[in-house]
Amino acid sequence: MPDVKQDELIVAGTTYSSRLLVGTGKYKDLIETQNAIETSGAQIVTVAIRRTNIGQNKNEPNLLEVISPDQYTILPNTAGCYDAESAIRTCKLARELLDDHDLVKLEVLGDEKTLYPDIPATLEAAEKLIKENFKVMVYTTDDPVMAKRFEELGCVAVMPLAAPIGSGLGIRNPYNIRTIVENASVPILVDAGVGTASDAAIAMELGCDGVLMNTAIAEAKNPILMASAMKKAIESGREAYLAGRMPRRAYASASSPIDGRFF
C-alpha cells in the first residue's frame, strides 16, 4: 500500500507536500489574494508577468510583498503571449526580476476567444527556453501525442487543459487525460477549466500529479472558502487514486455476502 504521508509532488527536483498550484489574478485586492493562497495550502504560485507587478513597476503595489519568494515557489507564466518570441522575452524578464529564477510556466495562445494554445509556437518557445537552461512547465491541449512530445523535448512538467481557460467546465475529456498520465514520466498537472472541488477531485482520481487553478477560486462567491474546498478536494482525490477504486460492474453486487448463510 502506498504511504500517503510520504506521497509528495516532485517538480524539477524540488519536493512539495501540496499538489494544488494556484494563480494570483482576478482577486479584488492583494489581501484577498494572500488569504486565499494561504488557505489553499499551495506552495507553488503562478504569476502572469505581463499583467502583474513583481517589481518592474516601482510605483505600484508589488505582489511579492504579500506572496514572498521565501515562502512560496513563484512560477512566472507567459499568459497573454501570442507568439514564441514574446513568451521567451517574458521568461527572460521574469528571470531578471526574480534573481535568475529558472522555473517557468510556458503558454503561447493561438486564439483570443478560446484561449487555446498555439502548439507549433509553444513547441518553438519550449525548445529555445530549454536550450537557455529554463525549466519549463508547459501548458498544452489534452492531446496525448503532443503531451509526450513536450516531455521528450525536455519539459519538466506537462500541463494539459481540462477545458478552456476560465470556463469552469471541468474535465471534458477524462480519457485523454488518463492516457497522458499513463504514458508520462514527468508530472502531469491539469491546468485550466476547473470550476469546483469535484472537478479537482476527478483530476486527481485520474492519476494527475496536481492541479493548477485560478478563476475557480478567485471568482467564487467566497474565494477563501473555495480555496479551503479545493485543498481538501486535491487531498481526497489523491487518496482515492492511491487507494484504488472498486471495479465498475454492469449489475448489482450485494454489500453483505450471502455465502455460508444458515437461513
# chains A, B, ... in the order shown; residues from 1 in each chain; ligands from 1
>>> closest_atom_pairs(of="range 164-233 of chain A", to="range 148-156 of chain A", cutoff="9 Å", atoms="only C-alpha atoms", output="CSV")
residue,atom,partner,partner_atom,distance
A:Ile180,CA,A:Lys148,CA,7.5
A:Asn183,CA,A:Lys148,CA,7.4
A:Ala184,CA,A:Lys148,CA,6.8
A:Ser185,CA,A:Glu151,CA,7.7
A:Val186,CA,A:Val156,CA,6.2
A:Pro187,CA,A:Val156,CA,7.3
>>> closest_atom_pairs(of="range 20-109 of chain A", to="range 221-233 of chain A", cutoff="9 Å", atoms="only C-alpha atoms", output="JSON lines")
{"residue": "A:Leu20", "atom": "CA", "partner": "A:Lys231", "partner_atom": "CA", "distance": 6.7}
{"residue": "A:Tyr27", "atom": "CA", "partner": "A:Pro223", "partner_atom": "CA", "distance": 8.4}
{"residue": "A:Glu32", "atom": "CA", "partner": "A:Ile224", "partner_atom": "CA", "distance": 7.8}
{"residue": "A:Thr33", "atom": "CA", "partner": "A:Pro223", "partner_atom": "CA", "distance": 8.9}
{"residue": "A:Asn35", "atom": "CA", "partner": "A:Ile224", "partner_atom": "CA", "distance": 6.7}
{"residue": "A:Ala36", "atom": "CA", "partner": "A:Ile224", "partner_atom": "CA", "distance": 4.7}
{"residue": "A:Ile37", "atom": "CA", "partner": "A:Ala227", "partner_atom": "CA", "distance": 7.3}
{"residue": "A:Glu38", "atom": "CA", "partner": "A:Ala227", "partner_atom": "CA", "distance": 8.6}
{"residue": "A:Thr39", "atom": "CA", "partner": "A:Ser228", "partner_atom": "CA", "distance": 5.7}
{"residue": "A:Ser40", "atom": "CA", "partner": "A:Ala227", "partner_atom": "CA", "distance": 4.7}
{"residue": "A:Gly41", "atom": "CA", "partner": "A:Lys231", "partner_atom": "CA", "distance": 6.6}
{"residue": "A:Ala42", "atom": "CA", "partner": "A:Lys231", "partner_atom": "CA", "distance": 8.0}
>>> write_last_selection(atoms="all heavy atoms", output="compact mmCIF listing (two decimals), in the first residue's frame")
# COMPACT_ATOMS: atom_id res chain seq x y z
N LEU A 20 -1.68 21.21 -5.04
CA LEU A 20 -2.52 22.29 -5.56
C LEU A 20 -1.63 23.48 -5.89
O LEU A 20 -0.90 23.98 -5.03
CB LEU A 20 -3.58 22.68 -4.53
CG LEU A 20 -4.45 23.90 -4.86
CD1 LEU A 20 -5.21 23.70 -6.17
CD2 LEU A 20 -5.42 24.18 -3.72
N TYR A 27 -8.52 38.50 -8.16
CA TYR A 27 -8.98 38.78 -6.80
C TYR A 27 -9.27 40.27 -6.67
O TYR A 27 -8.76 41.09 -7.42
CB TYR A 27 -7.93 38.35 -5.78
CG TYR A 27 -7.75 36.86 -5.69
CD1 TYR A 27 -6.72 36.21 -6.38
CD2 TYR A 27 -8.61 36.08 -4.92
CE1 TYR A 27 -6.55 34.84 -6.30
CE2 TYR A 27 -8.45 34.71 -4.84
CZ TYR A 27 -7.42 34.09 -5.53
OH TYR A 27 -7.27 32.72 -5.45
N GLU A 32 -7.00 39.79 -0.27
CA GLU A 32 -7.79 38.60 -0.60
C GLU A 32 -6.94 37.56 -1.29
O GLU A 32 -7.07 36.35 -1.04
CB GLU A 32 -8.98 38.98 -1.49
CG GLU A 32 -9.91 37.80 -1.76
CD GLU A 32 -11.13 38.19 -2.58
OE1 GLU A 32 -10.97 38.45 -3.80
OE2 GLU A 32 -12.23 38.24 -2.02
N THR A 33 -6.04 38.02 -2.17
CA THR A 33 -5.11 37.11 -2.83
C THR A 33 -4.30 36.35 -1.80
O THR A 33 -4.18 35.12 -1.84
CB THR A 33 -4.15 37.89 -3.75
OG1 THR A 33 -4.90 38.67 -4.68
CG2 THR A 33 -3.23 36.94 -4.51
N ASN A 35 -4.88 35.85 1.43
CA ASN A 35 -5.69 34.98 2.29
C ASN A 35 -6.11 33.69 1.57
O ASN A 35 -6.10 32.61 2.16
CB ASN A 35 -6.92 35.73 2.79
CG ASN A 35 -6.58 36.81 3.79
OD1 ASN A 35 -5.52 36.76 4.43
ND2 ASN A 35 -7.45 37.79 3.94
N ALA A 36 -6.48 33.83 0.30
CA ALA A 36 -6.90 32.65 -0.47
C ALA A 36 -5.74 31.69 -0.67
O ALA A 36 -5.89 30.46 -0.51
CB ALA A 36 -7.47 33.08 -1.81
N ILE A 37 -4.57 32.23 -0.98
CA ILE A 37 -3.42 31.37 -1.22
C ILE A 37 -2.99 30.68 0.07
O ILE A 37 -2.69 29.48 0.08
CB ILE A 37 -2.26 32.18 -1.83
CG1 ILE A 37 -2.64 32.60 -3.26
CG2 ILE A 37 -0.97 31.37 -1.85
CD1 ILE A 37 -1.67 33.54 -3.92
N GLU A 38 -2.99 31.40 1.15
CA GLU A 38 -2.64 30.78 2.44
C GLU A 38 -3.61 29.67 2.80
O GLU A 38 -3.21 28.60 3.26
CB GLU A 38 -2.62 31.85 3.54
CG GLU A 38 -1.44 32.80 3.45
CD GLU A 38 -1.47 33.86 4.54
OE1 GLU A 38 -2.49 33.95 5.27
OE2 GLU A 38 -0.48 34.62 4.66
N THR A 39 -4.90 29.91 2.58
CA THR A 39 -5.91 28.91 2.90
C THR A 39 -5.79 27.68 2.01
O THR A 39 -6.03 26.55 2.46
CB THR A 39 -7.32 29.51 2.75
OG1 THR A 39 -7.44 30.64 3.62
CG2 THR A 39 -8.40 28.50 3.09
N SER A 40 -5.40 27.87 0.76
CA SER A 40 -5.29 26.76 -0.18
C SER A 40 -4.19 25.78 0.18
O SER A 40 -4.21 24.62 -0.23
CB SER A 40 -5.03 27.29 -1.60
OG SER A 40 -3.68 27.73 -1.75
N GLY A 41 -3.20 26.25 0.93
CA GLY A 41 -2.07 25.40 1.26
C GLY A 41 -1.09 25.22 0.12
O GLY A 41 -0.12 24.46 0.23
N ALA A 42 -1.31 25.93 -0.99
CA ALA A 42 -0.43 25.80 -2.15
C ALA A 42 0.97 26.28 -1.83
O ALA A 42 1.17 27.20 -1.04
CB ALA A 42 -1.00 26.60 -3.33
>>> residues_around(residues="Gly25 in chain A", least_positions_apart="4", cutoff="12 Å", atoms="only C-alpha atoms", output="list in words")
Asp29, Leu30, Glu32, Thr33, Gln34, Ala36, Ile37, Val45, Thr46, Val47, Ala48, Ile49, Arg50, Arg51, Thr52, Asn53, Leu63, Asn77, Ala79, Gly166, Met213, Asn214, Thr215, Ala216, Ile217, Ala218 and Glu219 of chain A
>>> select_by_dssp(residues="range 77-119 of chain A", states="alpha helix (DSSP H)", output="list in words")
Ala84, Glu85, Ser86, Ala87, Ile88, Arg89, Thr90, Cys91, Lys92, Leu93, Ala94, Arg95, Glu96, Leu97 and Ile119 of chain A
>>> atom_distance(atom1="CA of Glu235 in chain A", atom2="CA of Asp143 in chain A")
26.0 Å
>>> atom_distance(atom1="CA of Val181 in chain A", atom2="CA of Thr73 in chain A")
23.8 Å
>>> atom_distance(atom1="CA of Met137 in chain A", atom2="CA of Ile67 in chain A")
20.4 Å
